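This report refers to the structure that appears directly beneath it.
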Amino acid sequence: AGMWPSPAPAGRLHFSSLPEYTTTMRGLVLEQMNLALWELARRAHAMLGAGRSAPQLRGAGVPFYARAELTVHRKRSGGQFGRGRGSGGRQRGGRSGDDYDGDSDCDGDDGDGGDGTLLFLTLPRGPREAGSSFSLDDLWVLLPPAAGAADAVDSAAAPLFVRSMWHGPNSDGKIGVELAGGGSARALPSSARYYHALRGPNAGDTLATLAVLDSLALPRSPPLLRFLLGPRSAPPEPPLRSATPVASLLVQAVDKS
């Protein structure tokens, strides 16, 4: 019986206010995502430092893609989207400046953040992961490549975080994405940029949890929430009282005993 240490009693958190609760829970949820990203980045950094290539990383379960292309499509005055600055000439990779044609892969929620821009992440040609590996709300970490190296990452540059708005890439390797955290894509350069792309954990549950926490700050929060946040306590039971003679006799008998 003495071989195993007895488990420590679970701590119980008490919150004095709703803002304290939402702030604490948001921090815990985001820290869980940060830990998952840190572990994935640690594995990718170790394998890249050992000279492993991008296909070798994917074969080992690290979904890393070298030199993925991020393009910005801005809405023109006529309501159509054009690539880059909207020039109609041929762009890098042989694609037309207005090649966004609203095909089946672009139907529905395709990454328009409400500011008249669409973001697309195009994975490099060649073998990719199975389609079942991708899903809606996948979190992608985009890392600027280092100069003069095929798969090396510029460690001094800040990464860019986007989430997938599609269930997976189309036949061309294109995925509709949006900036994670609700930022505006208008701040991104109009010209196509290349990044090393690391597919992180799915952020669907995390984003849903954060949305619920944000909704708790509305003026009409759930009526029982203030009781659930405080210490667990119960009011004393009221004494048994009744206007009927029989109940009065029972109370007297209990008091005498």
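Scheme for the structure tokens: letters A, B, ... for chains in order shown; per-chain residue numbers from 1; ligand numbers from 1 in order shown.
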Non-local contacts of segment 26-43 of chain A (9 Å; only C-alpha atoms; under 3 positions in same chain excluded) as a ChimeraX atom specification:
/A:21-23,46-48,62,141,198,200-201,203,206,209-210,213
Output the selection as a JSON list (two decimals), in the first residue's frame - all heavy atoms for each residue.
[["chain", "number", "residue", "atom", "x", "y", "z"],
["A", 21, "TYR", "N", -12.44, 35.57, -13.92],
["A", 21, "TYR", "CA", -12.65, 34.22, -14.42],
["A", 21, "TYR", "C", -12.30, 34.11, -15.90],
["A", 21, "TYR", "O", -11.55, 33.22, -16.33],
["A", 21, "TYR", "CB", -14.11, 33.80, -14.20],
["A", 21, "TYR", "CG", -14.50, 32.52, -14.89],
["A", 21, "TYR", "CD1", -14.12, 31.29, -14.38],
["A", 21, "TYR", "CD2", -15.25, 32.56, -16.07],
["A", 21, "TYR", "CE1", -14.48, 30.12, -15.02],
["A", 21, "TYR", "CE2", -15.60, 31.39, -16.71],
["A", 21, "TYR", "CZ", -15.22, 30.18, -16.18],
["A", 21, "TYR", "OH", -15.57, 29.01, -16.83],
["A", 22, "THR", "N", -12.84, 35.04, -16.72],
["A", 22, "THR", "CA", -12.60, 34.96, -18.16],
["A", 22, "THR", "C", -11.13, 35.18, -18.48],
["A", 22, "THR", "O", -10.57, 34.51, -19.36],
["A", 22, "THR", "CB", -13.47, 35.99, -18.90],
["A", 22, "THR", "OG1", -13.23, 37.30, -18.35],
["A", 22, "THR", "CG2", -14.94, 35.66, -18.74],
["A", 23, "THR", "N", -10.46, 36.10, -17.78],
["A", 23, "THR", "CA", -9.05, 36.33, -18.03],
["A", 23, "THR", "C", -8.21, 35.11, -17.69],
["A", 23, "THR", "O", -7.31, 34.71, -18.44],
["A", 23, "THR", "CB", -8.56, 37.54, -17.21],
["A", 23, "THR", "OG1", -9.30, 38.70, -17.59],
["A", 23, "THR", "CG2", -7.08, 37.80, -17.45],
["A", 46, "ALA", "N", 14.78, 20.38, -34.26],
["A", 46, "ALA", "CA", 15.79, 19.34, -34.08],
["A", 46, "ALA", "C", 16.04, 18.58, -35.38],
["A", 46, "ALA", "O", 17.19, 18.30, -35.73],
["A", 46, "ALA", "CB", 15.34, 18.39, -32.98],
["A", 47, "MET", "N", 14.98, 18.28, -36.12],
["A", 47, "MET", "CA", 15.15, 17.52, -37.35],
["A", 47, "MET", "C", 15.77, 18.36, -38.45],
["A", 47, "MET", "O", 16.61, 17.88, -39.23],
["A", 47, "MET", "CB", 13.80, 16.95, -37.79],
["A", 47, "MET", "CG", 13.20, 15.96, -36.80],
["A", 47, "MET", "SD", 11.63, 15.28, -37.32],
["A", 47, "MET", "CE", 12.18, 14.22, -38.67],
["A", 48, "LEU", "N", 15.38, 19.64, -38.55],
["A", 48, "LEU", "CA", 16.00, 20.51, -39.54],
["A", 48, "LEU", "C", 17.46, 20.74, -39.21],
["A", 48, "LEU", "O", 18.31, 20.82, -40.12],
["A", 48, "LEU", "CB", 15.25, 21.84, -39.62],
["A", 48, "LEU", "CG", 13.85, 21.80, -40.24],
["A", 48, "LEU", "CD1", 13.16, 23.15, -40.07],
["A", 48, "LEU", "CD2", 13.92, 21.43, -41.72],
["A", 62, "VAL", "N", 5.98, 15.21, -38.64],
["A", 62, "VAL", "CA", 6.08, 16.66, -38.45],
["A", 62, "VAL", "C", 5.65, 17.31, -39.76],
["A", 62, "VAL", "O", 6.40, 17.30, -40.74],
["A", 62, "VAL", "CB", 7.53, 17.08, -38.09],
["A", 62, "VAL", "CG1", 7.61, 18.60, -37.92],
["A", 62, "VAL", "CG2", 7.97, 16.39, -36.81],
["A", 141, "VAL", "N", 1.69, 27.72, -38.88],
["A", 141, "VAL", "CA", 2.76, 28.64, -38.48],
["A", 141, "VAL", "C", 3.62, 28.87, -39.72],
["A", 141, "VAL", "O", 4.21, 27.93, -40.27],
["A", 141, "VAL", "CB", 3.61, 28.06, -37.35],
["A", 141, "VAL", "CG1", 4.64, 29.09, -36.88],
["A", 141, "VAL", "CG2", 2.73, 27.63, -36.18],
["A", 198, "LEU", "N", 4.41, 25.22, -41.24],
["A", 198, "LEU", "CA", 4.31, 24.13, -40.28],
["A", 198, "LEU", "C", 2.86, 24.03, -39.83],
["A", 198, "LEU", "O", 2.31, 24.98, -39.25],
["A", 198, "LEU", "CB", 5.22, 24.40, -39.08],
["A", 198, "LEU", "CG", 5.28, 23.33, -37.99],
["A", 198, "LEU", "CD1", 5.86, 22.03, -38.53],
["A", 198, "LEU", "CD2", 6.12, 23.82, -36.80],
["A", 200, "GLY", "N", 0.14, 23.18, -37.52],
["A", 200, "GLY", "CA", 0.04, 22.94, -36.09],
["A", 200, "GLY", "C", -1.23, 22.19, -35.72],
["A", 200, "GLY", "O", -1.90, 21.62, -36.58],
["A", 201, "PRO", "N", -1.58, 22.19, -34.46],
["A", 201, "PRO", "CA", -2.79, 21.49, -34.02],
["A", 201, "PRO", "C", -4.04, 22.18, -34.53],
["A", 201, "PRO", "O", -4.02, 23.36, -34.90],
["A", 201, "PRO", "CB", -2.70, 21.54, -32.49],
["A", 201, "PRO", "CG", -1.83, 22.73, -32.21],
["A", 201, "PRO", "CD", -0.85, 22.80, -33.34],
["A", 203, "ALA", "N", -7.27, 24.17, -34.22],
["A", 203, "ALA", "CA", -7.64, 25.20, -33.25],
["A", 203, "ALA", "C", -9.14, 25.36, -33.10],
["A", 203, "ALA", "O", -9.59, 26.32, -32.48],
["A", 203, "ALA", "CB", -7.03, 26.54, -33.67],
["A", 206, "THR", "N", -10.27, 25.28, -29.44],
["A", 206, "THR", "CA", -9.73, 26.45, -28.74],
["A", 206, "THR", "C", -10.48, 27.72, -29.11],
["A", 206, "THR", "O", -10.85, 28.52, -28.24],
["A", 206, "THR", "CB", -8.24, 26.61, -29.07],
["A", 206, "THR", "OG1", -7.53, 25.44, -28.64],
["A", 206, "THR", "CG2", -7.65, 27.84, -28.39],
["A", 209, "THR", "N", -13.92, 27.71, -27.54],
["A", 209, "THR", "CA", -13.86, 28.01, -26.10],
["A", 209, "THR", "C", -13.63, 29.50, -25.87],
["A", 209, "THR", "O", -14.27, 30.12, -25.00],
["A", 209, "THR", "CB", -12.73, 27.20, -25.44],
["A", 209, "THR", "OG1", -12.96, 25.80, -25.66],
["A", 209, "THR", "CG2", -12.67, 27.48, -23.95],
["A", 210, "LEU", "N", -12.74, 30.10, -26.66],
["A", 210, "LEU", "CA", -12.49, 31.54, -26.51],
["A", 210, "LEU", "C", -13.73, 32.35, -26.86],
["A", 210, "LEU", "O", -14.02, 33.38, -26.23],
["A", 210, "LEU", "CB", -11.33, 31.95, -27.40],
["A", 210, "LEU", "CG", -9.95, 31.39, -27.02],
["A", 210, "LEU", "CD1", -8.91, 31.81, -28.03],
["A", 210, "LEU", "CD2", -9.55, 31.84, -25.62],
["A", 213, "LEU", "N", -16.01, 32.23, -23.87],
["A", 213, "LEU", "CA", -15.52, 33.11, -22.81],
["A", 213, "LEU", "C", -15.79, 34.57, -23.14],
["A", 213, "LEU", "O", -16.13, 35.36, -22.26],
["A", 213, "LEU", "CB", -14.02, 32.88, -22.61],
["A", 213, "LEU", "CG", -13.63, 31.54, -21.99],
["A", 213, "LEU", "CD1", -12.12, 31.37, -22.01],
["A", 213, "LEU", "CD2", -14.16, 31.41, -20.58]]
For segment 66-73 of chain A, find every residue with an atom within 7 Å (counting only C-alpha atoms), except residues of its own chain fewer than 5 positions away, and show them as a PDB file with N, CA, C and O atoms, in the first residue's frame.
ATOM      1  N   ALA A  54      12.241  18.385 -45.860  1.00  0.00           N
ATOM      2  CA  ALA A  54      10.818  18.541 -45.558  1.00  0.00           C
ATOM      3  C   ALA A  54      10.053  17.226 -45.730  1.00  0.00           C
ATOM      4  O   ALA A  54       9.238  16.870 -44.870  1.00  0.00           O
ATOM      5  N   PHE A  81     -12.397  39.606 -57.167  1.00  0.00           N
ATOM      6  CA  PHE A  81     -11.116  39.537 -56.484  1.00  0.00           C
ATOM      7  C   PHE A  81     -10.002  39.393 -57.508  1.00  0.00           C
ATOM      8  O   PHE A  81     -10.126  38.660 -58.489  1.00  0.00           O
ATOM      9  N   GLY A  82      -8.909  40.080 -57.282  1.00  0.00           N
ATOM     10  CA  GLY A  82      -7.736  39.962 -58.130  1.00  0.00           C
ATOM     11  C   GLY A  82      -6.525  39.682 -57.287  1.00  0.00           C
ATOM     12  O   GLY A  82      -6.453  40.049 -56.122  1.00  0.00           O
ATOM     13  N   ARG A  83      -5.562  39.001 -57.882  1.00  0.00           N
ATOM     14  CA  ARG A  83      -4.379  38.622 -57.141  1.00  0.00           C
ATOM     15  C   ARG A  83      -3.424  39.800 -57.034  1.00  0.00           C
ATOM     16  O   ARG A  83      -3.283  40.588 -57.956  1.00  0.00           O
ATOM     17  N   GLY A  84      -2.758  39.912 -55.914  1.00  0.00           N
ATOM     18  CA  GLY A  84      -1.756  40.954 -55.726  1.00  0.00           C
ATOM     19  C   GLY A  84      -2.376  42.332 -55.839  1.00  0.00           C
ATOM     20  O   GLY A  84      -3.363  42.634 -55.182  1.00  0.00           O
ATOM     21  N   THR A 117     -10.473  41.184 -48.520  1.00  0.00           N
ATOM     22  CA  THR A 117      -9.278  40.458 -48.913  1.00  0.00           C
ATOM     23  C   THR A 117      -9.482  38.967 -48.718  1.00  0.00           C
ATOM     24  O   THR A 117     -10.237  38.540 -47.842  1.00  0.00           O
ATOM     25  N   LEU A 118      -8.800  38.184 -49.537  1.00  0.00           N
ATOM     26  CA  LEU A 118      -8.755  36.730 -49.405  1.00  0.00           C
ATOM     27  C   LEU A 118      -7.296  36.311 -49.312  1.00  0.00           C
ATOM     28  O   LEU A 118      -6.450  36.828 -50.046  1.00  0.00           O
ATOM     29  N   LEU A 119      -7.012  35.393 -48.427  1.00  0.00           N
ATOM     30  CA  LEU A 119      -5.667  34.850 -48.272  1.00  0.00           C
ATOM     31  C   LEU A 119      -5.659  33.398 -48.729  1.00  0.00           C
ATOM     32  O   LEU A 119      -6.581  32.627 -48.391  1.00  0.00           O
ATOM     33  N   PHE A 120      -4.628  33.028 -49.475  1.00  0.00           N
ATOM     34  CA  PHE A 120      -4.476  31.655 -49.925  1.00  0.00           C
ATOM     35  C   PHE A 120      -3.059  31.186 -49.632  1.00  0.00           C
ATOM     36  O   PHE A 120      -2.084  31.897 -49.926  1.00  0.00           O
ATOM     37  N   LEU A 121      -2.957  30.007 -49.064  1.00  0.00           N
ATOM     38  CA  LEU A 121      -1.676  29.357 -48.827  1.00  0.00           C
ATOM     39  C   LEU A 121      -1.577  28.189 -49.802  1.00  0.00           C
ATOM     40  O   LEU A 121      -2.421  27.281 -49.779  1.00  0.00           O
ATOM     41  N   THR A 122      -0.566  28.217 -50.673  1.00  0.00           N
ATOM     42  CA  THR A 122      -0.384  27.162 -51.667  1.00  0.00           C
ATOM     43  C   THR A 122       0.832  26.330 -51.284  1.00  0.00           C
ATOM     44  O   THR A 122       1.957  26.846 -51.227  1.00  0.00           O
ATOM     45  N   LEU A 123       0.595  25.067 -51.001  1.00  0.00           N
ATOM     46  CA  LEU A 123       1.679  24.169 -50.621  1.00  0.00           C
ATOM     47  C   LEU A 123       2.523  23.827 -51.851  1.00  0.00           C
ATOM     48  O   LEU A 123       2.029  23.835 -52.981  1.00  0.00           O
ATOM     49  N   PRO A 124       3.800  23.524 -51.660  1.00  0.00           N
ATOM     50  CA  PRO A 124       4.663  23.230 -52.804  1.00  0.00           C
ATOM     51  C   PRO A 124       4.235  21.962 -53.524  1.00  0.00           C
ATOM     52  O   PRO A 124       3.556  21.090 -52.962  1.00  0.00           O
ATOM     53  N   ASP A 151      15.770  24.648 -46.700  1.00  0.00           N
ATOM     54  CA  ASP A 151      14.741  24.418 -45.687  1.00  0.00           C
ATOM     55  C   ASP A 151      14.993  25.168 -44.390  1.00  0.00           C
ATOM     56  O   ASP A 151      14.246  24.997 -43.430  1.00  0.00           O
ATOM     57  N   SER A 190       1.224  43.095 -50.832  1.00  0.00           N
ATOM     58  CA  SER A 190       0.389  42.651 -51.940  1.00  0.00           C
ATOM     59  C   SER A 190       1.059  41.566 -52.763  1.00  0.00           C
ATOM     60  O   SER A 190       0.391  40.704 -53.329  1.00  0.00           O
ATOM     61  N   SER A 191       2.369  41.600 -52.852  1.00  0.00           N
ATOM     62  CA  SER A 191       3.071  40.608 -53.661  1.00  0.00           C
ATOM     63  C   SER A 191       3.113  39.273 -52.934  1.00  0.00           C
ATOM     64  O   SER A 191       3.042  39.203 -51.702  1.00  0.00           O
ATOM     65  N   ALA A 192       3.223  38.195 -53.722  1.00  0.00           N
ATOM     66  CA  ALA A 192       3.276  36.858 -53.141  1.00  0.00           C
ATOM     67  C   ALA A 192       4.551  36.696 -52.322  1.00  0.00           C
ATOM     68  O   ALA A 192       5.619  37.167 -52.702  1.00  0.00           O
ATOM     69  N   ARG A 193       4.422  36.032 -51.189  1.00  0.00           N
ATOM     70  CA  ARG A 193       5.557  35.773 -50.317  1.00  0.00           C
ATOM     71  C   ARG A 193       5.666  34.269 -50.077  1.00  0.00           C
ATOM     72  O   ARG A 193       4.670  33.557 -50.080  1.00  0.00           O
ATOM     73  N   TYR A 194       6.898  33.836 -49.837  1.00  0.00           N
ATOM     74  CA  TYR A 194       7.137  32.418 -49.572  1.00  0.00           C
ATOM     75  C   TYR A 194       7.506  32.231 -48.107  1.00  0.00           C
ATOM     76  O   TYR A 194       8.274  33.013 -47.532  1.00  0.00           O
ATOM     77  N   TYR A 195       6.944  31.191 -47.520  1.00  0.00           N
ATOM     78  CA  TYR A 195       7.196  30.850 -46.127  1.00  0.00           C
ATOM     79  C   TYR A 195       7.410  29.346 -46.018  1.00  0.00           C
ATOM     80  O   TYR A 195       6.889  28.569 -46.826  1.00  0.00           O
ATOM     81  N   HIS A 196       8.133  28.952 -44.999  1.00  0.00           N
ATOM     82  CA  HIS A 196       8.122  27.556 -44.582  1.00  0.00           C
ATOM     83  C   HIS A 196       6.893  27.374 -43.693  1.00  0.00           C
ATOM     84  O   HIS A 196       6.717  28.116 -42.720  1.00  0.00           O
ATOM     85  N   ALA A 197       6.052  26.421 -44.042  1.00  0.00           N
ATOM     86  CA  ALA A 197       4.762  26.265 -43.370  1.00  0.00           C
ATOM     87  C   ALA A 197       4.776  25.025 -42.481  1.00  0.00           C
ATOM     88  O   ALA A 197       5.118  23.928 -42.934  1.00  0.00           O
TER      89      ALA A 197
END
Leu179 of chain A surroundings by only C-alpha atoms, 12 Å radius, close-in-sequence under 4 positions cut, as an mmCIF file with N, CA and C atoms, in the first residue's frame:
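New file selection-v2.cif:
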data_model
loop_
_atom_site.group_PDB
_atom_site.id
_atom_site.type_symbol
_atom_site.label_atom_id
_atom_site.label_comp_id
_atom_site.auth_asym_id
_atom_site.auth_seq_id
_atom_site.Cartn_x
_atom_site.Cartn_y
_atom_site.Cartn_z
ATOM 1 N N LEU A 70 2.188 32.318 -50.015
ATOM 2 C CA LEU A 70 1.055 33.038 -49.443
ATOM 3 C C LEU A 70 0.711 34.191 -50.370
ATOM 4 N N VAL A 72 -2.251 37.261 -51.518
ATOM 5 C CA VAL A 72 -3.347 38.113 -51.060
ATOM 6 C C VAL A 72 -4.175 38.512 -52.273
ATOM 7 N N GLY A 111 -12.180 32.527 -46.400
ATOM 8 C CA GLY A 111 -11.109 33.311 -45.837
ATOM 9 C C GLY A 111 -11.287 34.796 -45.969
ATOM 10 N N ASP A 112 -12.419 35.259 -46.464
ATOM 11 C CA ASP A 112 -12.652 36.699 -46.525
ATOM 12 C C ASP A 112 -12.874 37.195 -45.111
ATOM 13 N N GLY A 113 -11.908 37.966 -44.595
ATOM 14 C CA GLY A 113 -12.001 38.431 -43.225
ATOM 15 C C GLY A 113 -12.924 39.606 -43.039
ATOM 16 N N GLY A 114 -13.733 39.952 -44.056
ATOM 17 C CA GLY A 114 -14.637 41.070 -43.929
ATOM 18 C C GLY A 114 -14.017 42.393 -44.335
ATOM 19 N N ASP A 115 -12.735 42.397 -44.714
ATOM 20 C CA ASP A 115 -12.074 43.633 -45.116
ATOM 21 C C ASP A 115 -11.776 43.648 -46.605
ATOM 22 N N THR A 117 -10.473 41.184 -48.520
ATOM 23 C CA THR A 117 -9.278 40.458 -48.913
ATOM 24 C C THR A 117 -9.482 38.967 -48.718
ATOM 25 N N LEU A 118 -8.800 38.184 -49.537
ATOM 26 C CA LEU A 118 -8.755 36.730 -49.405
ATOM 27 C C LEU A 118 -7.296 36.311 -49.312
ATOM 28 N N LEU A 119 -7.012 35.393 -48.427
ATOM 29 C CA LEU A 119 -5.667 34.850 -48.272
ATOM 30 C C LEU A 119 -5.659 33.398 -48.729
ATOM 31 N N PHE A 120 -4.628 33.028 -49.475
ATOM 32 C CA PHE A 120 -4.476 31.655 -49.925
ATOM 33 C C PHE A 120 -3.059 31.186 -49.632
ATOM 34 N N LEU A 121 -2.957 30.007 -49.064
ATOM 35 C CA LEU A 121 -1.676 29.357 -48.827
ATOM 36 C C LEU A 121 -1.577 28.189 -49.802
ATOM 37 N N ASP A 137 -10.012 24.767 -39.623
ATOM 38 C CA ASP A 137 -9.467 25.389 -38.417
ATOM 39 C C ASP A 137 -8.091 24.867 -38.042
ATOM 40 N N ASP A 138 -7.402 24.206 -38.979
ATOM 41 C CA ASP A 138 -5.999 23.884 -38.709
ATOM 42 C C ASP A 138 -5.217 25.175 -38.522
ATOM 43 N N LEU A 139 -4.321 25.177 -37.555
ATOM 44 C CA LEU A 139 -3.465 26.339 -37.307
ATOM 45 C C LEU A 139 -2.144 26.132 -38.037
ATOM 46 N N TRP A 140 -1.752 27.113 -38.845
ATOM 47 C CA TRP A 140 -0.513 27.056 -39.597
ATOM 48 C C TRP A 140 0.444 28.123 -39.068
ATOM 49 N N VAL A 141 1.694 27.716 -38.877
ATOM 50 C CA VAL A 141 2.762 28.635 -38.484
ATOM 51 C C VAL A 141 3.616 28.868 -39.725
ATOM 52 N N LEU A 142 3.670 30.114 -40.192
ATOM 53 C CA LEU A 142 4.428 30.465 -41.390
ATOM 54 C C LEU A 142 5.732 31.133 -40.967
ATOM 55 N N PRO A 159 7.182 34.837 -36.745
ATOM 56 C CA PRO A 159 6.308 33.959 -37.529
ATOM 57 C C PRO A 159 4.939 34.594 -37.743
ATOM 58 N N LEU A 160 4.231 34.055 -38.718
ATOM 59 C CA LEU A 160 2.870 34.485 -39.030
ATOM 60 C C LEU A 160 1.940 33.309 -38.774
ATOM 61 N N PHE A 161 0.839 33.568 -38.087
ATOM 62 C CA PHE A 161 -0.102 32.503 -37.747
ATOM 63 C C PHE A 161 -1.387 32.685 -38.557
ATOM 64 N N VAL A 162 -1.791 31.634 -39.256
ATOM 65 C CA VAL A 162 -3.047 31.641 -40.002
ATOM 66 C C VAL A 162 -3.796 30.359 -39.670
ATOM 67 N N ARG A 163 -5.096 30.381 -39.901
ATOM 68 C CA ARG A 163 -5.901 29.171 -39.713
ATOM 69 C C ARG A 163 -6.636 28.859 -40.997
ATOM 70 N N SER A 164 -6.838 27.574 -41.212
ATOM 71 C CA SER A 164 -7.443 27.114 -42.452
ATOM 72 C C SER A 164 -8.943 27.353 -42.436
ATOM 73 N N MET A 165 -9.449 27.873 -43.548
ATOM 74 C CA MET A 165 -10.880 28.061 -43.721
ATOM 75 C C MET A 165 -11.486 26.981 -44.610
ATOM 76 N N GLY A 183 -6.737 39.467 -37.114
ATOM 77 C CA GLY A 183 -6.055 40.604 -37.715
ATOM 78 C C GLY A 183 -6.523 40.851 -39.141
ATOM 79 N N SER A 184 -6.166 42.002 -39.684
ATOM 80 C CA SER A 184 -6.566 42.374 -41.033
ATOM 81 C C SER A 184 -5.482 41.990 -42.022
ATOM 82 N N ALA A 185 -5.898 41.332 -43.110
ATOM 83 C CA ALA A 185 -4.945 40.934 -44.142
ATOM 84 C C ALA A 185 -4.479 42.119 -44.970
ATOM 85 N N ARG A 186 -5.139 43.269 -44.835
ATOM 86 C CA ARG A 186 -4.722 44.443 -45.606
ATOM 87 C C ARG A 186 -3.328 44.909 -45.216
ATOM 88 N N ALA A 187 -2.869 44.534 -44.039
ATOM 89 C CA ALA A 187 -1.535 44.937 -43.610
ATOM 90 C C ALA A 187 -0.439 44.100 -44.255
ATOM 91 N N LEU A 188 -0.808 43.005 -44.929
ATOM 92 C CA LEU A 188 0.185 42.140 -45.550
ATOM 93 C C LEU A 188 0.603 42.708 -46.905
#
